[in-house]
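**Student:** File start-v2.pdb below, PDB, C-alpha atoms:
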ATOM      1  CA  MET A   1     -43.883  13.721 -55.031
ATOM      2  CA  GLN A   2     -44.585  15.507 -58.325
ATOM      3  CA  SER A   3     -42.301  13.191 -60.278
ATOM      4  CA  GLN A   4     -44.136  10.127 -58.933
ATOM      5  CA  GLN A   5     -47.605  11.309 -59.954
ATOM      6  CA  PRO A   6     -47.296  10.640 -63.714
ATOM      7  CA  LYS A   7     -45.939   7.138 -63.017
ATOM      8  CA  THR A   8     -48.843   6.449 -60.667
ATOM      9  CA  SER A   9     -51.378   7.711 -63.225
ATOM     10  CA  LEU A  10     -49.801   5.596 -65.957
ATOM     11  CA  TRP A  11     -49.868   2.503 -63.744
ATOM     12  CA  LEU A  12     -53.513   3.110 -62.826
ATOM     13  CA  THR A  13     -54.508   3.587 -66.478
ATOM     14  CA  GLU A  14     -52.740   0.358 -67.397
ATOM     15  CA  LEU A  15     -54.449  -1.515 -64.553
ATOM     16  CA  LEU A  16     -57.897  -0.263 -65.534
ATOM     17  CA  ALA A  17     -57.262  -1.225 -69.154
ATOM     18  CA  ARG A  18     -56.281  -4.768 -68.094
ATOM     19  CA  VAL A  19     -59.377  -5.126 -65.907
ATOM     20  CA  THR A  20     -61.601  -3.854 -68.703
ATOM     21  CA  VAL A  21     -60.131  -6.316 -71.205
ATOM     22  CA  LEU A  22     -60.830  -9.191 -68.822
ATOM     23  CA  SER A  23     -64.471  -8.116 -68.492
ATOM     24  CA  GLY A  24     -66.580  -8.865 -71.582
ATOM     25  CA  VAL A  25     -69.167  -6.197 -70.828
ATOM     26  CA  GLY A  26     -66.490  -3.697 -69.895
ATOM     27  CA  TYR A  27     -64.596  -4.426 -73.102
ATOM     28  CA  LEU A  28     -67.646  -3.865 -75.299
ATOM     29  CA  LEU A  29     -68.602  -0.713 -73.412
ATOM     30  CA  THR A  30     -65.087   0.680 -73.784
ATOM     31  CA  CYS A  31     -64.985  -0.135 -77.506
ATOM     32  CA  TYR A  32     -68.332   1.554 -78.053
ATOM     33  CA  THR A  33     -67.222   4.604 -76.063
ATOM     34  CA  ILE A  34     -63.985   4.907 -78.052
ATOM     35  CA  SER A  35     -65.925   4.501 -81.305
ATOM     36  CA  ARG A  36     -68.337   7.274 -80.329
ATOM     37  CA  TRP A  37     -65.400   9.496 -79.398
ATOM     38  CA  LEU A  38     -63.619   8.864 -82.711
ATOM     39  CA  THR A  39     -66.720   9.637 -84.795
ATOM     40  CA  ARG A  40     -68.089  12.459 -82.627
ATOM     41  CA  PRO A  41     -69.242  15.791 -84.143
ATOM     42  CA  SER A  42     -66.928  18.802 -84.018
ATOM     43  CA  ARG A  43     -69.391  21.660 -84.184
ATOM     44  CA  GLY A  44     -68.697  25.308 -83.546
ATOM     45  CA  ARG A  45     -68.857  28.729 -85.126
ATOM     46  CA  PRO A  46     -65.676  29.771 -86.970
ATOM     47  CA  HIS A  47     -63.624  31.965 -84.609
ATOM     48  CA  ILE A  48     -62.011  33.829 -87.510
ATOM     49  CA  THR A  49     -63.244  34.755 -90.985
ATOM     50  CA  PRO A  50     -61.645  35.929 -94.248
ATOM     51  CA  ALA A  51     -62.508  39.488 -93.187
ATOM     52  CA  ASP A  52     -59.961  39.186 -90.375
ATOM     53  CA  LEU A  53     -57.327  38.631 -93.080
ATOM     54  CA  GLY A  54     -58.533  41.600 -95.114
ATOM     55  CA  PHE A  55     -60.663  39.719 -97.652
ATOM     56  CA  SER A  56     -64.326  40.336 -98.419
ATOM     57  CA  TYR A  57     -66.415  37.172 -98.479
ATOM     58  CA  GLN A  58     -69.918  35.783 -98.828
ATOM     59  CA  ASP A  59     -71.636  33.342 -96.452
ATOM     60  CA  VAL A  60     -73.213  30.537 -98.505
ATOM     61  CA  THR A  61     -74.970  27.207 -97.961
ATOM     62  CA  CYS A  62     -75.681  24.102 -99.998
ATOM     63  CA  CYS A  63     -77.547  20.852 -99.391
ATOM     64  CA  THR A  64     -76.228  17.300 -99.777
ATOM     65  CA  ALA A  65     -78.109  14.474-101.486
ATOM     66  CA  ASP A  66     -78.804  12.908 -98.072
ATOM     67  CA  GLY A  67     -80.385  16.105 -96.756
ATOM     68  CA  LEU A  68     -77.634  17.784 -94.729
ATOM     69  CA  LEU A  69     -77.078  21.539 -94.810
ATOM     70  CA  LEU A  70     -73.480  22.661 -95.307
ATOM     71  CA  SER A  71     -72.231  26.137 -94.392
ATOM     72  CA  GLY A  72     -69.411  27.831 -96.239
ATOM     73  CA  TRP A  73     -67.620  30.880 -97.603
ATOM     74  CA  VAL A  74     -66.913  32.250-101.057
ATOM     75  CA  VAL A  75     -63.885  34.558-101.239
ATOM     76  CA  SER A  76     -63.398  36.287-104.595
ATOM     77  CA  PRO A  77     -60.600  38.514-105.894
ATOM     78  CA  ALA A  78     -61.467  41.389-108.222
ATOM     79  CA  GLN A  79     -60.862  39.380-111.415
ATOM     80  CA  PRO A  80     -60.911  35.616-110.665
ATOM     81  CA  ARG A  81     -58.775  33.419-112.896
ATOM     82  CA  GLY A  82     -60.611  30.318-111.705
ATOM     83  CA  THR A  83     -62.021  28.639-108.596
ATOM     84  CA  VAL A  84     -60.325  26.481-105.970
ATOM     85  CA  VAL A  85     -62.624  24.471-103.673
ATOM     86  CA  LEU A  86     -61.066  23.629-100.296
ATOM     87  CA  PHE A  87     -62.024  20.781 -97.931
ATOM     88  CA  HIS A  88     -60.769  20.719 -94.333
ATOM     89  CA  GLY A  89     -59.586  17.841 -92.167
ATOM     90  CA  LEU A  90     -61.009  15.884 -89.230
ATOM     91  CA  ARG A  91     -61.833  17.894 -86.058
ATOM     92  CA  HIS A  92     -61.423  21.148 -87.974
ATOM     93  CA  ASN A  93     -63.720  23.402 -89.966
ATOM     94  CA  ARG A  94     -63.310  25.846 -92.856
ATOM     95  CA  VAL A  95     -61.049  28.002 -90.656
ATOM     96  CA  GLN A  96     -58.284  25.439 -91.333
ATOM     97  CA  THR A  97     -58.351  26.479 -94.987
ATOM     98  CA  LEU A  98     -57.796  30.202 -94.307
ATOM     99  CA  PRO A  99     -53.975  30.202 -94.715
ATOM    100  CA  ARG A 100     -54.507  28.560 -98.091
ATOM    101  CA  ILE A 101     -57.354  30.910 -99.013
ATOM    102  CA  ALA A 102     -55.107  33.884 -98.257
ATOM    103  CA  PHE A 103     -52.347  33.051-100.752
ATOM    104  CA  LEU A 104     -54.688  31.554-103.357
ATOM    105  CA  THR A 105     -56.944  34.624-103.369
ATOM    106  CA  ALA A 106     -53.880  36.877-103.564
ATOM    107  CA  ALA A 107     -52.810  34.839-106.608
ATOM    108  CA  GLY A 108     -56.167  35.522-108.296
ATOM    109  CA  TYR A 109     -58.154  32.389-107.481
ATOM    110  CA  ARG A 110     -61.694  32.474-106.154
ATOM    111  CA  CYS A 111     -61.847  30.228-103.051
ATOM    112  CA  VAL A 112     -64.822  28.209-101.830
ATOM    113  CA  ALA A 113     -64.681  26.448 -98.449
ATOM    114  CA  PHE A 114     -67.461  24.601 -96.611
ATOM    115  CA  ASP A 115     -67.663  22.883 -93.229
ATOM    116  CA  HIS A 116     -67.981  19.123 -93.639
ATOM    117  CA  ARG A 117     -70.982  17.328 -92.105
ATOM    118  CA  ALA A 118     -70.937  17.281 -88.286
ATOM    119  CA  HIS A 119     -68.221  19.963 -88.328
ATOM    120  CA  GLY A 120     -68.408  23.712 -87.833
ATOM    121  CA  LEU A 121     -71.891  25.028 -88.626
ATOM    122  CA  SER A 122     -72.915  22.172 -90.922
ATOM    123  CA  THR A 123     -75.516  19.629 -89.828
ATOM    124  CA  GLY A 124     -74.860  15.920 -89.279
ATOM    125  CA  ARG A 125     -74.450  13.521 -86.369
ATOM    126  CA  CYS A 126     -71.061  11.884 -86.880
ATOM    127  CA  CYS A 127     -67.983  11.811 -89.072
ATOM    128  CA  SER A 128     -66.778   8.900 -91.201
ATOM    129  CA  PHE A 129     -63.120   9.801 -91.932
ATOM    130  CA  GLY A 130     -64.002  11.049 -95.411
ATOM    131  CA  TYR A 131     -66.286   8.257 -96.648
ATOM    132  CA  TYR A 132     -69.733   9.850 -96.282
ATOM    133  CA  GLU A 133     -68.042  13.258 -96.448
ATOM    134  CA  SER A 134     -67.692  12.426-100.151
ATOM    135  CA  ARG A 135     -71.375  13.371-100.371
ATOM    136  CA  ASP A 136     -70.367  16.822 -99.113
ATOM    137  CA  VAL A 137     -67.794  16.954-101.916
ATOM    138  CA  ASP A 138     -70.480  16.029-104.457
ATOM    139  CA  ALA A 139     -72.753  18.819-103.222
ATOM    140  CA  VAL A 140     -70.034  21.487-103.143
ATOM    141  CA  LEU A 141     -68.608  20.560-106.538
ATOM    142  CA  ASP A 142     -72.117  20.716-107.992
ATOM    143  CA  TYR A 143     -72.562  24.136-106.377
ATOM    144  CA  VAL A 144     -69.358  25.404-108.002
ATOM    145  CA  ALA A 145     -70.113  23.831-111.386
ATOM    146  CA  VAL A 146     -73.510  25.557-111.510
ATOM    147  CA  ARG A 147     -72.255  28.988-110.397
ATOM    148  CA  TRP A 148     -69.072  29.103-112.495
ATOM    149  CA  PRO A 149     -69.516  26.515-115.270
ATOM    150  CA  ASN A 150     -66.963  27.745-117.784
ATOM    151  CA  GLU A 151     -64.001  28.562-115.547
ATOM    152  CA  PHE A 152     -60.880  26.692-114.483
ATOM    153  CA  ARG A 153     -61.816  24.666-111.380
ATOM    154  CA  ALA A 154     -59.551  22.873-108.911
ATOM    155  CA  ALA A 155     -60.086  21.060-105.606
ATOM    156  CA  LEU A 156     -57.778  20.983-102.569
ATOM    157  CA  GLY A 157     -58.370  18.566 -99.691
ATOM    158  CA  ILE A 158     -56.586  18.369 -96.345
ATOM    159  CA  SER A 159     -56.278  14.932 -94.674
ATOM    160  CA  MET A 160     -59.920  13.815 -94.277
ATOM    161  CA  GLY A 161     -60.910  16.351 -96.933
ATOM    162  CA  ALA A 162     -58.376  14.807 -99.309
ATOM    163  CA  ALA A 163     -59.807  11.349 -98.582
ATOM    164  CA  ALA A 164     -63.315  12.640 -99.316
ATOM    165  CA  LEU A 165     -62.096  13.899-102.709
ATOM    166  CA  CYS A 166     -60.847  10.384-103.485
ATOM    167  CA  PHE A 167     -64.112   8.749-102.408
ATOM    168  CA  ALA A 168     -65.926  11.232-104.665
ATOM    169  CA  ALA A 169     -63.485  10.641-107.523
ATOM    170  CA  GLU A 170     -66.224  10.175-110.137
ATOM    171  CA  ARG A 171     -67.210  13.815-109.545
ATOM    172  CA  THR A 172     -63.763  15.169-108.662
ATOM    173  CA  ARG A 173     -62.252  14.092-111.957
ATOM    174  CA  GLY A 174     -64.539  16.555-113.696
ATOM    175  CA  PHE A 175     -62.300  19.319-112.320
ATOM    176  CA  ASN A 176     -59.100  20.573-113.944
ATOM    177  CA  ALA A 177     -56.770  19.766-111.030
ATOM    178  CA  CYS A 178     -56.764  18.132-107.595
ATOM    179  CA  VAL A 179     -54.423  18.768-104.636
ATOM    180  CA  LEU A 180     -54.379  15.995-102.003
ATOM    181  CA  GLU A 181     -52.630  17.191 -98.865
ATOM    182  CA  SER A 182     -51.577  14.959 -95.920
ATOM    183  CA  LEU A 183     -53.687  12.069 -97.239
ATOM    184  CA  TYR A 184     -53.766   8.771 -95.332
ATOM    185  CA  TYR A 185     -53.393   5.496 -97.256
ATOM    186  CA  ASP A 186     -56.185   3.644 -95.407
ATOM    187  CA  VAL A 187     -58.087   4.270 -92.186
ATOM    188  CA  GLY A 188     -56.590   1.227 -90.418
ATOM    189  CA  SER A 189     -53.029   2.459 -90.807
ATOM    190  CA  ALA A 190     -54.168   6.001 -89.968
ATOM    191  CA  PHE A 191     -55.572   4.718 -86.651
ATOM    192  CA  ASP A 192     -52.438   2.679 -85.898
ATOM    193  CA  ASN A 193     -50.154   5.622 -86.695
ATOM    194  CA  ARG A 194     -51.940   7.796 -84.140
ATOM    195  CA  ILE A 195     -51.755   5.314 -81.242
ATOM    196  CA  GLY A 196     -49.162   6.547 -78.796
ATOM    197  CA  THR A 197     -49.267  10.082 -80.196
ATOM    198  CA  LYS A 198     -52.762  11.529 -80.674
ATOM    199  CA  PHE A 199     -54.435   8.453 -79.123
ATOM    200  CA  PRO A 200     -53.436   6.739 -75.831
ATOM    201  CA  ALA A 201     -51.229   3.661 -76.219
ATOM    202  CA  TRP A 202     -53.822   1.500 -74.439
ATOM    203  CA  PHE A 203     -56.226   2.034 -77.383
ATOM    204  CA  ARG A 204     -54.315  -0.737 -79.143
ATOM    205  CA  ARG A 205     -55.839  -3.317 -76.772
ATOM    206  CA  PHE A 206     -59.293  -2.412 -78.064
ATOM    207  CA  SER A 207     -58.562  -1.924 -81.763
ATOM    208  CA  ARG A 208     -60.538  -4.956 -82.992
ATOM    209  CA  GLY A 209     -63.528  -4.096 -80.853
ATOM    210  CA  VAL A 210     -63.387  -0.430 -81.884
ATOM    211  CA  ILE A 211     -63.412  -1.455 -85.545
ATOM    212  CA  TRP A 212     -66.398  -3.735 -84.914
ATOM    213  CA  ALA A 213     -68.326  -0.976 -83.112
ATOM    214  CA  THR A 214     -67.428   1.714 -85.642
ATOM    215  CA  GLU A 215     -68.495  -0.406 -88.602
ATOM    216  CA  ARG A 216     -71.913  -0.832 -87.023
ATOM    217  CA  ARG A 217     -72.198   2.839 -86.116
ATOM    218  CA  LEU A 218     -71.340   3.956 -89.651
ATOM    219  CA  GLY A 219     -72.974   1.133 -91.571
ATOM    220  CA  LEU A 220     -69.871   0.283 -93.610
ATOM    221  CA  LYS A 221     -66.755  -1.858 -93.493
ATOM    222  CA  LEU A 222     -63.674   0.102 -92.517
ATOM    223  CA  SER A 223     -61.840  -1.744 -95.282
ATOM    224  CA  GLN A 224     -63.948   0.429 -97.610
ATOM    225  CA  VAL A 225     -62.375   3.560 -96.102
ATOM    226  CA  THR A 226     -59.221   3.234 -98.191
ATOM    227  CA  PRO A 227     -58.367   6.242-100.377
ATOM    228  CA  ALA A 228     -55.746   4.113-102.151
ATOM    229  CA  ASP A 229     -58.557   2.027-103.660
ATOM    230  CA  TYR A 230     -60.259   5.111-105.133
ATOM    231  CA  ILE A 231     -57.482   7.481-106.140
ATOM    232  CA  ALA A 232     -57.020   5.739-109.507
ATOM    233  CA  ASN A 233     -60.577   6.796-110.388
ATOM    234  CA  LEU A 234     -59.353  10.376-110.681
ATOM    235  CA  SER A 235     -58.092   9.116-114.019
ATOM    236  CA  SER A 236     -56.818  11.903-116.276
ATOM    237  CA  THR A 237     -57.201  14.680-113.675
ATOM    238  CA  PRO A 238     -53.755  16.071-112.729
ATOM    239  CA  VAL A 239     -53.062  15.229-109.060
ATOM    240  CA  LEU A 240     -50.600  16.904-106.692
ATOM    241  CA  LEU A 241     -49.865  14.916-103.509
ATOM    242  CA  VAL A 242     -48.359  17.024-100.712
ATOM    243  CA  THR A 243     -46.916  15.732 -97.445
ATOM    244  CA  GLY A 244     -44.285  16.729 -94.910
ATOM    245  CA  THR A 245     -41.026  14.871 -94.473
ATOM    246  CA  ALA A 246     -41.804  14.673 -90.722
ATOM    247  CA  ASP A 247     -45.437  13.580 -91.133
ATOM    248  CA  VAL A 248     -45.896  10.279 -89.255
ATOM    249  CA  HIS A 249     -49.627  10.094 -90.048
ATOM    250  CA  ALA A 250     -49.339  10.526 -93.828
ATOM    251  CA  SER A 251     -45.709   9.623 -94.290
ATOM    252  CA  PRO A 252     -43.727  10.296 -97.470
ATOM    253  CA  GLU A 253     -43.517   6.517 -97.928
ATOM    254  CA  ASP A 254     -47.307   6.093 -97.795
ATOM    255  CA  THR A 255     -47.749   9.147-100.015
ATOM    256  CA  GLU A 256     -45.406   7.598-102.577
ATOM    257  CA  ARG A 257     -47.548   4.447-102.477
ATOM    258  CA  LEU A 258     -50.582   6.631-103.209
ATOM    259  CA  ARG A 259     -48.755   8.322-106.078
ATOM    260  CA  ARG A 260     -48.120   4.928-107.637
ATOM    261  CA  CYS A 261     -51.852   4.165-107.376
ATOM    262  CA  CYS A 262     -52.679   7.174-109.560
ATOM    263  CA  THR A 263     -53.238   6.335-113.213
ATOM    264  CA  GLY A 264     -53.086   9.855-114.632
ATOM    265  CA  PRO A 265     -50.732  12.854-114.388
ATOM    266  CA  ARG A 266     -49.436  13.089-110.833
ATOM    267  CA  GLU A 267     -46.733  14.693-108.758
ATOM    268  CA  LEU A 268     -45.550  14.296-105.158
ATOM    269  CA  VAL A 269     -44.062  17.162-103.159
ATOM    270  CA  ALA A 270     -42.526  16.600 -99.712
ATOM    271  CA  ILE A 271     -42.148  19.796 -97.676
ATOM    272  CA  GLU A 272     -38.929  19.594 -95.673
ATOM    273  CA  GLY A 273     -39.467  19.467 -91.900
ATOM    274  CA  ALA A 274     -43.264  19.711 -92.038
ATOM    275  CA  ASP A 275     -45.536  17.360 -90.082
ATOM    276  CA  HIS A 276     -49.238  16.513 -90.361
ATOM    277  CA  THR A 277     -50.370  19.814 -88.844
ATOM    278  CA  ASN A 278     -48.166  22.440 -90.485
ATOM    279  CA  VAL A 279     -47.425  21.409 -94.079
ATOM    280  CA  CYS A 280     -48.870  24.762 -95.238
ATOM    281  CA  THR A 281     -47.061  26.956 -92.694
ATOM    282  CA  LYS A 282     -43.791  25.248 -91.711
ATOM    283  CA  ASN A 283     -42.228  26.303 -94.996
ATOM    284  CA  ALA A 284     -44.911  28.531 -96.475
ATOM    285  CA  ALA A 285     -42.832  29.744 -99.416
ATOM    286  CA  ALA A 286     -42.131  26.187-100.593
ATOM    287  CA  TYR A 287     -45.771  25.141-100.127
ATOM    288  CA  HIS A 288     -47.099  28.189-101.982
ATOM    289  CA  LYS A 289     -44.634  27.660-104.818
ATOM    290  CA  ALA A 290     -45.553  23.990-105.222
ATOM    291  CA  VAL A 291     -49.319  24.561-105.211
ATOM    292  CA  LEU A 292     -49.346  27.646-107.430
ATOM    293  CA  GLU A 293     -46.975  26.121-109.986
ATOM    294  CA  PHE A 294     -49.167  23.023-110.076
ATOM    295  CA  LEU A 295     -52.385  25.013-110.552
ATOM    296  CA  ASP A 296     -50.802  27.273-113.168
ATOM    297  CA  GLY A 297     -49.419  24.228-114.971
ATOM    298  CA  ALA A 298     -52.784  22.439-114.874
ATOM    299  CA  SER A 299     -54.492  25.471-116.378
ATOM    300  CA  PHE A 300     -51.995  25.461-119.271
ATOM    301  CA  GLY A 301     -51.577  21.679-119.616
ATOM    302  CA  VAL A 302     -47.969  21.541-118.387
ATOM    303  CA  LYS A 303     -46.586  18.000-117.909
ATOM    304  CA  LEU A 304     -45.867  17.043-114.273
ATOM    305  CA  SER A 305     -42.343  16.135-113.199
ATOM    306  CA  GLY A 306     -43.064  13.315-110.719
ATOM    307  CA  VAL A 307     -41.469  13.687-107.269
ATOM    308  CA  GLN A 308     -39.935  16.680-105.504
ATOM    309  CA  SER A 309     -38.570  17.395-102.036
ATOM    310  CA  LEU A 310     -38.667  21.083-101.184
ATOM    311  CA  ALA A 311     -36.280  22.461 -98.594
ATOM    312  CA  ASN A 312     -36.418  25.976 -97.176
ATOM    313  CA  LEU A 313     -36.388  28.620 -99.890
TER     314      LEU A 313
END
What's the structure tokens form of this structure?

**Tutor:**
Amino acid sequence: MQSQQPKTSLWLTELLARVTVLSGVGYLLTCYTISRWLTRPSRGRPHITPADLGFSYQDVTCCTADGLLLSGWVVSPAQPRGTVVLFHGLRHNRVQTLPRIAFLTAAGYRCVAFDHRAHGLSTGRCCSFGYYESRDVDAVLDYVAVRWPNEFRAALGISMGAAALCFAAERTRGFNACVLESLYYDVGSAFDNRIGTKFPAWFRRFSRGVIWATERRLGLKLSQVTPADYIANLSSTPVLLVTGTADVHASPEDTERLRRCCTGPRELVAIEGADHTNVCTKNAAAYHKAVLEFLDGASFGVKLSGVQSLANL
């Protein structure tokens, strides 16, 4: 009986999807519901702080140009050699950046991490896969530029956070270095790549309607949500693209396409065996080595080598 239950549930889901597609009102309602679910807020208080890792920190806030309040941390070593600003991914908050904060702070870098709009403790009603989150990037980069104007400054974005750095390229390129981790090529392919894994397979039946509903909810064309169209605007800023060889959402192939879109100094590192969720931890030594060598090189003007694949060290 237990082995039959999943088959029955799958059959029922498929039947309901077919009935919904045949009903115009049902189709629109389903598309709207999926769109709301995809762009929903992900609020919540961080369940762990830098103090739990043995680092002292400061709670800070800043305000975006469109009036949202962002909540964040500043973690400083005794003698900072520069500042790294970290931006988390979709459905996460600044806690996602803590493994990166730990090794970067130990290496002497001050770390600044904020919750994006509609995430963590920041205000906001919905997410836009990095597009309007670029306004968060603008606000945080301004905050850092004002507080530490004459220091080495770098930005590190994870997935949606990396996309937001691209959409804010005019401001991001004022920094000395930029790390783009697990970055999707465009939001359409990102959605398609998640169907059957993170999203149910039957979502595919509603993809056109979901796009239509989401564009109206966000007030933009999803064709605009294409980091590949903006990454060239980083211009002369050194860029490190990081992905995992097992990442199906930001594949090495798509990451190579993004590298070719860059017009300035750029490098691609593929962490062996890592997927979209564990590129920082699957092979931590390789990840740390790649990021720290890139930041150290950017601070001294070292020429980038191009493409690497890092196996276990």

**Student:** Could you tell me, as a list in words, exactly which residues end up selected when the PyMOL selection byres ((chain A and resi 189) around 12) is applied to this structure?

**Tutor:**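 Given this file, the PyMOL selection byres ((chain A and resi 189) around 12) evaluates to Leu183, Tyr184, Tyr185, Asp186, Val187, Gly188, Ala190, Phe191, Asp192, Asn193, Arg194, Ile195, Ser207, Leu222, Ser223, Val225, Thr226, Pro227, Ala228, Val248, His249, Ala250, Ser251 and Asp254 of chain A.
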
**Student:** What would the selection look like, as a list in words, if the PyMOL selection byres ((chain A and resi 179) around 7) were run on the coordinates I just shared?

**Tutor:**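 Given this file, the PyMOL selection byres ((chain A and resi 179) around 7) evaluates to Ala155, Leu156, Gly157, Ala177, Cys178, Leu180, Glu181, Val239, Leu240 and Leu241 of chain A.
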
**Student:** Check which residues satisfy the PyMOL selection byres ((chain A and resi 91) around 9) in the file shown, then give them as a list in words.

**Tutor:**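 For this structure, the PyMOL selection byres ((chain A and resi 91) around 9) captures Arg40, Pro41, Ser42, Arg43, His88, Gly89, Leu90, His92, Asn93, His119 and Gly120 of chain A.
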
**Student:** Counting all atoms listed in the file, figure out which residue out of A:Val74, A:Met160, A:Ala65, A:Ala113 gets nearest to Asp138 in chain A.

**Tutor:**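 Going through A:Val74, A:Met160, A:Ala65, A:Ala113 one by one, the smallest distance to Asp138 in chain A is for A:Ala65.
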
**Student:** For a test of reading the model, state the distance in Å between CA of Trp37 in chain A and CA of Tyr131 in chain A, rounded to one decimal.

**Tutor:**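 About the pair CA of Trp37 in chain A and CA of Tyr131 in chain A: they are 17.3 Å apart.
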
**Student:** Sorted by chain and rising residue number, list the residues of range 107-213 of chain A at most 10 Å from range 98-101 of chain A (counting all atoms listed in the file), each with its closest atom pair and distance in Å to one decimal, as a tab-separated table.

**Tutor:**
residue	atom	partner	partner_atom	distance
A:Ala107	CA	A:Ile101	CA	9.7
A:Tyr109	CA	A:Ile101	CA	8.6
A:Arg110	CA	A:Ile101	CA	8.5
A:Cys111	CA	A:Ile101	CA	6.1
A:Val112	CA	A:Ile101	CA	8.4
A:Ala113	CA	A:Ile101	CA	8.6
A:Leu156	CA	A:Arg100	CA	9.4

**Student:** Please check which residues have atoms at most 12 Å from (-69.7, 0.8, -86.4) in the file's coordinates, counting only C-alpha atoms, and write them as a list in words.

**Tutor:**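 Within the cut-off we find Cys31, Tyr32, Thr33, Ile34, Ser35, Arg36, Trp37, Leu38, Thr39, Cys126, Cys127, Ser128, Arg208, Gly209, Val210, Ile211, Trp212, Ala213, Thr214, Glu215, Arg216, Arg217, Leu218, Gly219, Leu220, Lys221 and Leu222 of chain A.
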